[in-house]
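J.: The following file, final06.tsv, comprises TSV, C-alpha atoms and all ligand atoms:
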```tsv
chain	number	residue	atom	x	y	z
A	1	MET	CA	-105.84	48.45	50.50
A	2	SER	CA	-104.31	44.98	50.22
A	3	VAL	CA	-100.56	45.41	49.80
A	4	LEU	CA	-98.78	47.31	52.59
A	5	GLY	CA	-95.41	47.93	51.01
A	6	LEU	CA	-92.38	46.61	49.18
A	7	GLY	CA	-90.89	43.96	51.47
A	8	TYR	CA	-87.88	42.59	49.64
A	9	ILE	CA	-86.35	42.15	46.23
A	10	GLY	CA	-84.08	39.47	44.84
A	11	LEU	CA	-81.79	39.31	41.86
A	12	GLU	CA	-79.71	36.80	39.98
A	13	THR	CA	-76.17	37.69	38.98
A	14	ALA	CA	-72.94	36.29	37.57
A	15	GLY	CA	-71.06	38.74	39.78
A	16	LEU	CA	-71.82	37.59	43.32
A	17	GLU	CA	-68.53	38.86	44.78
A	18	ASP	CA	-68.83	42.26	43.09
A	19	TRP	CA	-72.27	42.60	44.64
A	20	SER	CA	-71.03	41.88	48.15
A	21	GLY	CA	-68.61	44.79	48.06
A	22	PHE	CA	-71.00	47.16	46.33
A	23	ALA	CA	-73.94	46.43	48.63
A	24	THR	CA	-71.96	46.93	51.82
A	25	ASP	CA	-69.24	49.46	50.97
A	26	VAL	CA	-71.27	51.76	48.72
A	27	LEU	CA	-74.93	51.24	49.62
A	28	GLY	CA	-74.31	50.58	53.30
A	29	LEU	CA	-76.34	47.37	53.54
A	30	GLN	CA	-75.43	44.72	56.08
A	31	GLN	CA	-74.47	41.32	54.70
A	32	VAL	CA	-75.83	38.35	56.62
A	33	ASP	CA	-74.69	34.75	56.40
A	34	LYS	CA	-76.46	32.71	53.80
A	35	THR	CA	-75.48	29.85	51.51
A	36	LYS	CA	-72.46	29.71	49.18
A	37	LEU	CA	-74.62	30.73	46.24
A	38	THR	CA	-76.69	33.41	47.95
A	39	ARG	CA	-75.95	36.68	49.65
A	40	ALA	CA	-78.60	38.34	51.76
A	41	PHE	CA	-78.52	41.87	53.05
A	42	ARG	CA	-80.31	43.75	55.80
A	43	MET	CA	-81.29	47.40	55.76
A	44	ASP	CA	-83.27	47.55	59.01
A	45	ASP	CA	-84.58	45.29	61.76
A	46	ARG	CA	-85.75	42.62	59.32
A	47	LYS	CA	-83.68	39.51	58.72
A	48	GLN	CA	-83.32	40.36	55.04
A	49	ARG	CA	-84.48	42.85	52.44
A	50	PHE	CA	-82.13	42.34	49.53
A	51	ILE	CA	-81.27	38.90	48.15
A	52	VAL	CA	-78.53	38.23	45.60
A	53	ASN	CA	-78.42	34.77	44.03
A	54	ASP	CA	-75.59	33.33	41.96
A	55	GLY	CA	-76.63	32.48	38.39
A	56	ALA	CA	-77.03	33.93	34.95
A	57	GLU	CA	-76.95	37.74	34.82
A	58	LYS	CA	-80.66	38.47	35.05
A	59	GLY	CA	-80.82	41.44	37.39
A	60	PRO	CA	-83.83	41.81	39.71
A	61	SER	CA	-85.92	38.69	39.30
A	62	LEU	CA	-88.28	38.55	42.27
A	63	PHE	CA	-90.29	41.13	44.12
A	64	GLY	CA	-91.84	40.60	47.55
A	65	TRP	CA	-94.90	42.64	48.52
A	66	GLU	CA	-96.17	42.51	52.09
A	67	VAL	CA	-99.74	42.03	53.29
A	68	ALA	CA	-101.04	42.12	56.86
A	69	ASP	CA	-101.79	38.47	57.58
A	70	HIS	CA	-102.93	35.04	56.38
A	71	THR	CA	-106.46	36.28	55.61
A	72	ALA	CA	-105.13	39.13	53.46
A	73	LEU	CA	-102.84	36.68	51.66
A	74	LEU	CA	-105.75	34.38	50.82
A	75	SER	CA	-107.87	37.28	49.67
A	76	VAL	CA	-105.14	38.46	47.25
A	77	ALA	CA	-104.77	34.87	45.97
A	78	ALA	CA	-108.54	34.58	45.41
A	79	LYS	CA	-108.66	37.87	43.53
A	80	LEU	CA	-105.77	36.83	41.25
A	81	GLU	CA	-107.29	33.41	40.56
A	82	ALA	CA	-110.66	34.97	39.75
A	83	ASP	CA	-108.79	36.92	37.08
A	84	HIS	CA	-107.18	33.70	35.75
A	85	VAL	CA	-103.72	34.40	37.14
A	86	THR	CA	-101.92	31.20	38.15
A	87	VAL	CA	-101.05	31.40	41.84
A	88	THR	CA	-98.75	28.96	43.65
A	89	MET	CA	-98.60	28.64	47.41
A	90	GLY	CA	-94.97	29.05	48.49
A	91	THR	CA	-93.51	25.95	50.14
A	92	ARG	CA	-92.32	26.00	53.74
A	93	ALA	CA	-88.74	25.85	52.41
A	94	LEU	CA	-89.31	28.91	50.22
A	95	ALA	CA	-90.87	30.82	53.12
A	96	GLN	CA	-87.79	29.97	55.19
A	97	GLU	CA	-85.51	31.12	52.40
A	98	ARG	CA	-87.40	34.42	52.21
A	99	GLU	CA	-87.49	34.76	56.01
A	100	VAL	CA	-91.30	35.17	56.06
A	101	GLN	CA	-94.14	33.16	57.53
A	102	GLU	CA	-96.08	32.47	54.35
A	103	LEU	CA	-96.17	33.55	50.70
A	104	ILE	CA	-97.80	33.09	47.33
A	105	VAL	CA	-96.01	33.29	43.98
A	106	PHE	CA	-97.30	34.45	40.58
A	107	LYS	CA	-96.30	36.41	37.47
A	108	ASP	CA	-97.31	39.95	36.52
A	109	PRO	CA	-97.96	41.04	32.89
A	110	MET	CA	-94.21	41.69	32.41
A	111	ASP	CA	-93.45	38.14	33.55
A	112	ASN	CA	-91.82	39.30	36.78
A	113	GLN	CA	-91.89	36.83	39.65
A	114	VAL	CA	-94.12	38.49	42.22
A	115	GLU	CA	-94.33	37.16	45.76
A	116	VAL	CA	-96.96	38.36	48.21
A	117	PHE	CA	-96.13	37.47	51.81
A	118	HIS	CA	-96.98	38.13	55.43
A	119	GLY	CA	-95.02	37.79	58.66
A	120	PRO	CA	-91.50	39.01	57.89
A	121	LEU	CA	-88.98	37.64	60.40
A	122	ILE	CA	-87.31	40.21	62.62
A	123	ALA	CA	-83.65	39.88	63.58
A	124	THR	CA	-82.70	39.65	67.25
A	125	ASP	CA	-79.47	41.59	66.75
A	126	LYS	CA	-79.44	45.20	65.66
A	127	PHE	CA	-78.79	46.43	62.14
A	128	ILE	CA	-75.13	47.29	61.56
A	129	PRO	CA	-74.70	49.20	58.31
A	130	GLY	CA	-71.91	48.25	55.91
A	131	ARG	CA	-70.57	51.81	55.99
A	132	ALA	CA	-71.12	54.70	58.39
A	133	ILE	CA	-74.65	55.76	57.41
A	134	SER	CA	-77.53	56.77	59.68
A	135	GLY	CA	-79.80	54.10	58.19
A	136	PHE	CA	-82.61	53.45	55.73
A	137	ARG	CA	-86.11	54.87	55.95
A	138	THR	CA	-88.37	51.82	55.67
A	139	GLY	CA	-91.11	50.96	58.23
A	140	VAL	CA	-94.63	51.75	57.00
A	141	ASN	CA	-93.09	53.09	53.77
A	142	GLY	CA	-91.67	49.70	52.80
A	143	MET	CA	-88.07	49.19	51.64
A	144	GLY	CA	-88.30	51.77	48.85
A	145	HIS	CA	-89.73	51.91	45.38
A	146	ILE	CA	-89.19	50.04	42.14
A	147	VAL	CA	-89.65	51.14	38.55
A	148	PHE	CA	-90.19	49.01	35.46
A	149	MET	CA	-89.72	49.96	31.82
A	150	ALA	CA	-92.51	48.74	29.54
A	151	ASP	CA	-91.95	48.71	25.79
A	152	SER	CA	-95.44	49.84	24.76
A	153	ARG	CA	-98.16	52.14	25.97
A	154	GLU	CA	-100.45	49.08	26.16
A	155	LEU	CA	-98.06	47.33	28.53
A	156	VAL	CA	-97.81	50.43	30.72
A	157	ASP	CA	-101.61	50.36	31.02
A	158	LYS	CA	-101.77	46.59	31.51
A	159	MET	CA	-99.20	46.69	34.33
A	160	SER	CA	-100.94	49.62	36.01
A	161	ARG	CA	-104.31	47.88	35.85
A	162	PHE	CA	-102.87	44.62	37.20
A	163	TYR	CA	-101.37	46.26	40.28
A	164	ILE	CA	-104.35	48.56	40.85
A	165	ASP	CA	-107.21	46.13	40.21
A	166	LEU	CA	-105.73	42.93	41.63
A	167	LEU	CA	-103.25	44.03	44.29
A	168	GLY	CA	-104.93	47.18	45.60
A	169	PHE	CA	-102.39	49.80	44.48
A	170	SER	CA	-103.64	53.35	43.84
A	171	LEU	CA	-102.58	55.82	41.17
A	172	THR	CA	-100.66	58.77	42.63
A	173	ASP	CA	-99.94	60.69	39.44
A	174	TYR	CA	-98.85	60.29	35.84
A	175	TYR	CA	-97.29	62.22	32.96
A	176	SER	CA	-96.53	61.86	29.26
A	177	ASN	CA	-93.54	64.16	28.83
A	178	PRO	CA	-90.63	63.38	28.37
A	179	PHE	CA	-92.11	59.83	28.42
A	180	GLU	CA	-95.26	57.99	29.60
A	181	ALA	CA	-95.09	57.27	33.33
A	182	ARG	CA	-97.51	56.01	36.01
A	183	PHE	CA	-96.76	56.22	39.73
A	184	LEU	CA	-98.62	53.96	42.16
A	185	HIS	CA	-98.78	53.98	45.97
A	186	VAL	CA	-99.77	51.55	48.71
A	187	ASN	CA	-98.72	53.57	51.77
A	188	PRO	CA	-97.52	57.14	52.53
A	189	ARG	CA	-94.57	56.74	50.17
A	190	HIS	CA	-95.47	58.76	47.03
A	191	HIS	CA	-94.88	55.68	44.89
A	192	SER	CA	-93.83	52.16	45.71
A	193	LEU	CA	-94.08	51.15	42.07
A	194	ALA	CA	-93.84	53.06	38.80
A	195	ILE	CA	-94.08	51.98	35.19
A	196	VAL	CA	-92.48	54.07	32.47
A	197	GLN	CA	-92.67	53.63	28.73
A	198	SER	CA	-89.37	52.90	27.05
A	199	GLU	CA	-87.88	51.22	24.01
A	200	THR	CA	-86.98	48.16	26.06
A	201	ARG	CA	-88.78	45.94	28.58
A	202	ALA	CA	-86.70	45.76	31.73
A	203	PHE	CA	-86.23	46.63	35.36
A	204	HIS	CA	-85.36	50.32	35.64
A	205	HIS	CA	-84.37	51.06	39.23
A	206	LEU	CA	-84.76	50.41	42.91
A	207	MET	CA	-84.91	53.41	45.22
A	208	MET	CA	-83.50	53.25	48.74
A	209	GLU	CA	-84.14	56.19	51.05
A	210	LEU	CA	-81.64	57.29	53.68
A	211	TYR	CA	-82.29	59.14	56.92
A	212	SER	CA	-79.63	61.75	56.31
A	213	LEU	CA	-78.86	63.91	53.30
A	214	ASP	CA	-75.20	63.46	54.18
A	215	ASP	CA	-75.57	59.66	53.75
A	216	VAL	CA	-76.58	60.39	50.17
A	217	GLY	CA	-73.85	62.97	49.56
A	218	GLN	CA	-71.17	60.69	50.96
A	219	GLY	CA	-72.53	57.84	48.84
A	220	TYR	CA	-72.34	60.15	45.82
A	221	ASP	CA	-68.66	60.76	46.57
A	222	LEU	CA	-68.04	57.00	46.60
A	223	VAL	CA	-69.88	56.53	43.31
A	224	LEU	CA	-67.94	59.39	41.73
A	225	GLU	CA	-64.74	57.53	42.69
A	226	GLY	CA	-65.88	54.54	40.62
A	227	ASP	CA	-65.49	53.92	36.93
A	228	ASP	CA	-68.44	55.60	35.19
A	229	LEU	CA	-70.93	54.58	37.87
A	230	VAL	CA	-73.14	57.69	37.89
A	231	ALA	CA	-76.35	56.90	35.98
A	232	ALA	CA	-78.07	60.18	36.89
A	233	THR	CA	-76.49	63.14	38.60
A	234	LEU	CA	-77.69	64.53	41.92
A	235	GLY	CA	-81.12	66.11	41.53
A	236	ARG	CA	-84.54	66.55	43.10
A	237	HIS	CA	-87.73	64.90	41.90
A	238	THR	CA	-90.99	66.79	41.41
A	239	SER	CA	-92.95	63.67	42.42
A	240	ASP	CA	-91.75	62.51	45.81
A	241	TYR	CA	-89.45	65.49	46.47
A	242	MET	CA	-86.56	63.02	46.77
A	243	THR	CA	-83.06	64.46	46.54
A	244	SER	CA	-81.13	61.62	44.98
A	245	PHE	CA	-78.63	60.32	42.48
A	246	TYR	CA	-78.69	57.08	40.49
A	247	THR	CA	-75.81	54.64	40.38
A	248	TRP	CA	-75.17	51.68	38.13
A	249	THR	CA	-74.93	48.41	40.02
A	250	PRO	CA	-72.69	45.41	39.19
A	251	SER	CA	-75.73	44.04	37.31
A	252	ARG	CA	-76.08	47.24	35.25
A	253	PHE	CA	-79.49	48.20	36.51
A	254	MET	CA	-79.80	51.36	38.58
A	255	ILE	CA	-80.24	52.10	42.25
A	256	GLU	CA	-81.60	55.48	43.22
A	257	TYR	CA	-80.09	56.60	46.50
A	258	GLY	CA	-82.16	59.35	48.06
A	259	TRP	CA	-83.19	61.47	51.00
A	260	GLY	CA	-86.18	63.56	52.05
A	261	GLY	CA	-89.13	61.81	50.38
A	262	ARG	CA	-92.54	63.27	51.08
A	263	SER	CA	-95.35	61.40	52.85
A	264	ILE	CA	-98.75	61.51	51.20
A	265	ASN	CA	-102.09	60.73	52.88
A	266	PRO	CA	-103.50	57.82	50.85
A	267	ASP	CA	-107.00	58.36	52.36
A	268	ILE	CA	-107.49	61.73	50.69
A	269	TRP	CA	-105.00	61.65	47.83
A	270	GLU	CA	-106.42	62.34	44.38
A	271	ALA	CA	-104.61	61.11	41.27
A	272	HIS	CA	-103.61	63.82	38.81
A	273	GLU	CA	-101.48	64.53	35.77
A	274	ARG	CA	-98.15	66.02	36.75
A	275	ALA	CA	-96.66	68.80	34.66
A	276	GLY	CA	-93.07	69.98	34.77
A	277	GLY	CA	-91.27	66.69	34.12
A	278	PRO	CA	-89.44	64.43	36.57
A	279	SER	CA	-87.05	66.84	38.31
A	280	TYR	CA	-86.86	70.36	39.76
A	281	TRP	CA	-83.17	70.31	38.99
A	282	GLY	CA	-80.39	67.84	38.22
A	283	HIS	CA	-80.85	64.12	37.44
A	284	GLU	CA	-79.01	64.37	34.13
A	285	ARG	CA	-79.45	60.83	32.84
A	286	SER	CA	-76.33	59.28	31.28
A	287	TRP	CA	-78.39	56.46	29.78
A	288	ALA	CA	-81.13	58.46	28.02
A	289	SER	CA	-81.32	59.16	24.30
A	290	ALA	CA	-80.22	62.59	23.09
A	291	GLU	CA	-83.88	63.47	22.45
A	292	ILE	CA	-85.07	62.50	25.97
A	293	LYS	CA	-82.06	64.23	27.54
A	294	GLU	CA	-82.86	67.44	25.70
A	295	LYS	CA	-86.57	67.29	26.65
A	296	ALA	CA	-85.68	66.69	30.29
A	297	ARG	CA	-83.14	69.52	30.19
A	298	GLN	CA	-85.73	71.95	28.82
A	299	LEU	CA	-88.24	70.91	31.51
A	300	ARG	CA	-85.64	71.41	34.26
A	301	LEU	CA	-84.63	74.81	32.94
A	302	ALA	CA	-88.32	75.79	32.74
A	303	ASN	CA	-88.74	74.72	36.39
A	304	GLY	CA	-85.79	76.87	37.32
A	305	LYS	CA	-87.08	79.83	35.33
A	306	ALA	CA	-90.52	79.58	36.93
A	307	GLY	CA	-88.98	79.18	40.41
A	308	ASN	CA	-90.76	75.86	40.95
A	309	ARG	CA	-89.70	74.35	44.26
A	310	ALA	CA	-90.98	72.39	47.24
A	311	PRO	CA	-90.23	72.50	50.97
A	312	ILE	CA	-87.70	69.97	52.21
A	313	GLN	CA	-89.28	67.02	54.01
A	314	VAL	CA	-87.72	66.35	57.40
A	315	MET	CA	-88.40	64.05	60.31
A	316	GLU	CA	-88.58	64.97	63.97
A	317	GLY	CA	-85.09	64.96	65.44
A	318	ASN	CA	-83.42	65.34	62.07
A	319	TYR	CA	-83.45	69.07	61.56
A	320	GLN	CA	-82.55	72.28	63.31
A	321	LEU	CA	-84.28	75.59	62.67
A	322	ALA	CA	-81.93	78.33	61.60
A	323	ASP	CA	-81.60	81.17	64.09
A	324	GLY	CA	-82.57	84.74	63.47
A	325	ALA	CA	-85.34	86.55	61.66
A	326	CYS	CA	-84.75	87.78	58.14
A	327	PRO	CA	-87.05	90.54	56.89
A	328	TRP	CA	-86.62	89.36	53.29
A	329	TRP	CA	-87.67	85.74	54.10
A	330	ASP	CA	-90.50	86.90	56.41
A	331	GLY	CA	-91.78	89.08	53.56
A	332	LEU	CA	-91.68	86.15	51.14
A	333	LYS	CA	-93.60	83.95	53.58
A	334	ALA	CA	-96.19	86.68	54.25
A	335	ASN	CA	-96.76	87.14	50.51
A	336	ALA	CA	-96.99	83.38	49.94
A	337	SER	CA	-99.75	83.05	52.55
A	338	LYS	CA	-101.88	85.83	51.06
B	401	FE	FE	-87.19	56.64	41.64
```
Starting from the file, give its structure as structure tokens.
Ligand SMILES: [Fe+2]
T.:
Amino acid sequence: MSVLGLGYIGLETAGLEDWSGFATDVLGLQQVDKTKLTRAFRMDDRKQRFIVNDGAEKGPSLFGWEVADHTALLSVAAKLEADHVTVTMGTRALAQEREVQELIVFKDPMDNQVEVFHGPLIATDKFIPGRAISGFRTGVNGMGHIVFMADSRELVDKMSRFYIDLLGFSLTDYYSNPFEARFLHVNPRHHSLAIVQSETRAFHHLMMELYSLDDVGQGYDLVLEGDDLVAATLGRHTSDYMTSFYTWTPSRFMIEYGWGGRSINPDIWEAHERAGGPSYWGHERSWASAEIKEKARQLRLANGKAGNRAPIQVMEGNYQLADGACPWWDGLKANASK
């Protein structure tokens, strides 16, 4: 496996000041000093994860994927070039700007600027979140996941093949209802990248995962205070078991803010078609067409009717077992194990 995880993303916006407030006060990122025309934000021990550049309103415009070292970087470059992809070695100045040791730059089939790097720089001072959250779950899982909308079935396939064949991603699962979607992984995160078919070609959302469900709930309260900021209501995904909501950003793309993602074992995972739609419950999408909304609603109600559910995913030190035995629950567990 070549790529280890999503390292950073960058966007270009006409609303630099709006972004500063949103990123710190709502998302809980830490702003770090940069130039007049750039804001950079931390979400963990790394010097930066989220870069906002002043400019035309373009939304997310660059995506940094991490590899282990110089050798891995060269091997990715060779593979891309063998497939006639134009690869540029990042200059020393660009590496400094990205706070990494070395990088290469190229375009994917959707014309996104993709940067593969190694050696992210680690900050000497500790991460101080912009609001009182417990922090972001990154580490081996990378900074989160990203989703692109492709405007044809062919482009969905082309993007999937590009990331799988040339960058070492693996297919986790896929579905065709209520729309075509492919989910790809590079580490235990269920998907670091997904491509969904849509009427438009654009960036869909960035997912950030929090350590505490309360971080998400308190973020939801803040978003509810805003002017029409909820892009999808609180819900739980069938794919990565994430409990999350989606908010509009100042650049009008979405950020999914979630908790409790599952960890898969990439060594033994087998790709499969996923039935039941995107969510066990919730995630009513304000942006979807009436037809898609209705399909998604029917799938959710069917999940509820069938009692489809999944255990919550917790980390050591972040849960407490409830006291007391309950004959009803013990009976359910005994029946489930038969
Ligand atoms: Fe997502």
J.: Return as number ranges by chain every polymer residue, whether protein, DNA or RNA, with at least one atom no more than 12 Å from an atom of ligand FE 401 (chain B); count all atoms listed in the file.
T.: A: 144-148, 181-184, 189-196, 203-209, 232, 235-247, 254-259, 261, 278-279, 283
J.: With 4 Å of padding per side, what axis-aligned box (centre and edge lengths, Å, one decimal) covers all the listed atoms of range 174-184 of chain A? Give it as AutoDock Vina command-line options.
T.:
```
--center_x -94.7 --center_y 59.1 --center_z 35.3 --size_x 16.2 --size_y 18.2 --size_z 21.8
```
J.: Which residues are near Lys47 in chain A? Cut-off 8 Å, all atoms listed in the file, ignore same chain within fewer than 3 positions. Put them as a ChimeraX atom specification.
T.: /A:42,99,120-123
J.: Keeping only C-alpha atoms, write the selected residues to a file as a PDB file, keeping the file's coordinate frame.
T.:
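Below is the file that was written, selection01.pdb:
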```pdb
ATOM      1  CA  ARG A  42     -80.310  43.750  55.800  1.00  0.00           C
ATOM      2  CA  GLU A  99     -87.490  34.760  56.010  1.00  0.00           C
ATOM      3  CA  PRO A 120     -91.500  39.010  57.890  1.00  0.00           C
ATOM      4  CA  LEU A 121     -88.980  37.640  60.400  1.00  0.00           C
ATOM      5  CA  ILE A 122     -87.310  40.210  62.620  1.00  0.00           C
ATOM      6  CA  ALA A 123     -83.650  39.880  63.580  1.00  0.00           C
TER       7      ALA A 123
END
```
J.: Kindly indicate which residue among A:Ser212, A:Thr71, A:Thr249, A:Ser61 lies nearest to Ser20 in chain A, using only C-alpha atoms for the distances.
T.: A:Thr249
J.: Quick check, in Å to one decimal: how far apart do CA of Asp18 in chain A and CA of Arg137 in chain A lie?
T.: 25.0 Å
J.: So, with only C-alpha atoms as the atoms that count, which of A:Ile128, A:Ala275, A:Ala40, A:Cys326 lies closest to Asn303 in chain A?
T.: A:Ala275
J.: Give the answer as one residue: which of A:Asn141, A:Gln48, A:Ser198, A:Asn187 has the shortest atom-to-atom distance to Glu154 in chain A, using all atoms listed in the file?
T.: A:Ser198
J.: Determine, counting only C-alpha atoms, which protein, DNA and RNA residues have an atom within 6 Å of an atom of Phe50 in chain A; residues of the same chain fewer than 6 positions away are not included. Present the result as a list in words.
T.: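 What passes the distance filter is Tyr8, Ile9, Gly10, Ala40 and Phe41 of chain A.
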J.: Write out as a list in words which residues come within 9 Å of Glu199 in chain A when counting only C-alpha atoms, dropping same-chain ones fewer than 2 positions away.
T.: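 Near Glu199 in chain A, the qualifying residues are Met149, Ala150, Asp151, Ser152, Gln197 and Arg201 of chain A.
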J.: For the residues selected in the previous step, produce a file with C-alpha atoms as a PDB file, in the coordinates of the input.
T.:
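Listed below is the output, again.pdb:
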```
ATOM      1  CA  MET A 149     -89.720  49.960  31.820  1.00  0.00           C
ATOM      2  CA  ALA A 150     -92.510  48.740  29.540  1.00  0.00           C
ATOM      3  CA  ASP A 151     -91.950  48.710  25.790  1.00  0.00           C
ATOM      4  CA  SER A 152     -95.440  49.840  24.760  1.00  0.00           C
ATOM      5  CA  GLN A 197     -92.670  53.630  28.730  1.00  0.00           C
ATOM      6  CA  ARG A 201     -88.780  45.940  28.580  1.00  0.00           C
TER       7      ARG A 201
END
```
J.: Kindly indicate which residue among A:Phe253, A:Ser176, A:Glu225, A:Gln101 lies nearest to Leu11 in chain A, using all atoms listed in the file for the distances.
T.: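 Result for the nearest residue to Leu11 in chain A: A:Phe253.
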J.: Report, in Å to a single decimal, how far apart CA of Lys58 in chain A and CA of Gly119 in chain A are.
T.: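 One can read the CA of Gly119 in chain A to CA of Lys58 in chain A distance as 27.6 Å.
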J.: Please indicate the distance in Å from CA of Phe117 in chain A to CA of His84 in chain A, rounded to one decimal place.
T.: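 Calculated distance between CA of Phe117 in chain A and CA of His84 in chain A is 19.9 Å.
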J.: Just the residues within 8 Å of range 104-114 of chain A, please, counting all atoms listed in the file, with nothing from its chain fewer than 2 positions along; format it as a short mmCIF file (atom, residue, chain, number, x, y, z; two decimals) with C-alpha atoms, in the coordinates of the input.
T.:
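Okay, this is what ended up in part-v6.cif:
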```cif
data_model
loop_
_atom_site.label_atom_id
_atom_site.label_comp_id
_atom_site.auth_asym_id
_atom_site.auth_seq_id
_atom_site.Cartn_x
_atom_site.Cartn_y
_atom_site.Cartn_z
CA SER A 61 -85.92 38.69 39.30
CA LEU A 62 -88.28 38.55 42.27
CA PHE A 63 -90.29 41.13 44.12
CA GLY A 64 -91.84 40.60 47.55
CA TRP A 65 -94.90 42.64 48.52
CA LEU A 73 -102.84 36.68 51.66
CA ALA A 77 -104.77 34.87 45.97
CA VAL A 85 -103.72 34.40 37.14
CA THR A 86 -101.92 31.20 38.15
CA VAL A 87 -101.05 31.40 41.84
CA THR A 88 -98.75 28.96 43.65
CA MET A 89 -98.60 28.64 47.41
CA GLY A 90 -94.97 29.05 48.49
CA GLU A 102 -96.08 32.47 54.35
CA VAL A 116 -96.96 38.36 48.21
CA PHE A 117 -96.13 37.47 51.81
CA ALA A 150 -92.51 48.74 29.54
CA LEU A 155 -98.06 47.33 28.53
CA LYS A 158 -101.77 46.59 31.51
CA MET A 159 -99.20 46.69 34.33
CA PHE A 162 -102.87 44.62 37.20
CA ARG A 201 -88.78 45.94 28.58
#
```
J.: Nearest to Thr172 in chain A among A:Thr91, A:Gln218, A:Asn308, A:Ser263, with distances taken over only C-alpha atoms: which residue is it?
T.: A:Ser263
J.: Using only C-alpha atoms, which residues sit within 10 Å of Gly139 in chain A once same-chain residues fewer than 2 positions away are excluded, as a short mmCIF file (atom, residue, chain, number, x, y, z; two decimals) with C-alpha atoms, keeping the file's coordinate frame?
T.:
```
data_model
loop_
_atom_site.label_atom_id
_atom_site.label_comp_id
_atom_site.auth_asym_id
_atom_site.auth_seq_id
_atom_site.Cartn_x
_atom_site.Cartn_y
_atom_site.Cartn_z
CA GLY A 5 -95.41 47.93 51.01
CA GLY A 7 -90.89 43.96 51.47
CA ASP A 44 -83.27 47.55 59.01
CA ASP A 45 -84.58 45.29 61.76
CA ARG A 46 -85.75 42.62 59.32
CA PHE A 136 -82.61 53.45 55.73
CA ARG A 137 -86.11 54.87 55.95
CA ASN A 141 -93.09 53.09 53.77
CA GLY A 142 -91.67 49.70 52.80
CA MET A 143 -88.07 49.19 51.64
CA GLY A 144 -88.30 51.77 48.85
#
```
J.: Counting all atoms listed in the file, which residue out of A:Ala290, A:Leu37, A:Met43, A:Ala14 sits closest to Ile133 in chain A?
T.: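 Selected residue with least distance to Ile133 in chain A: A:Met43.
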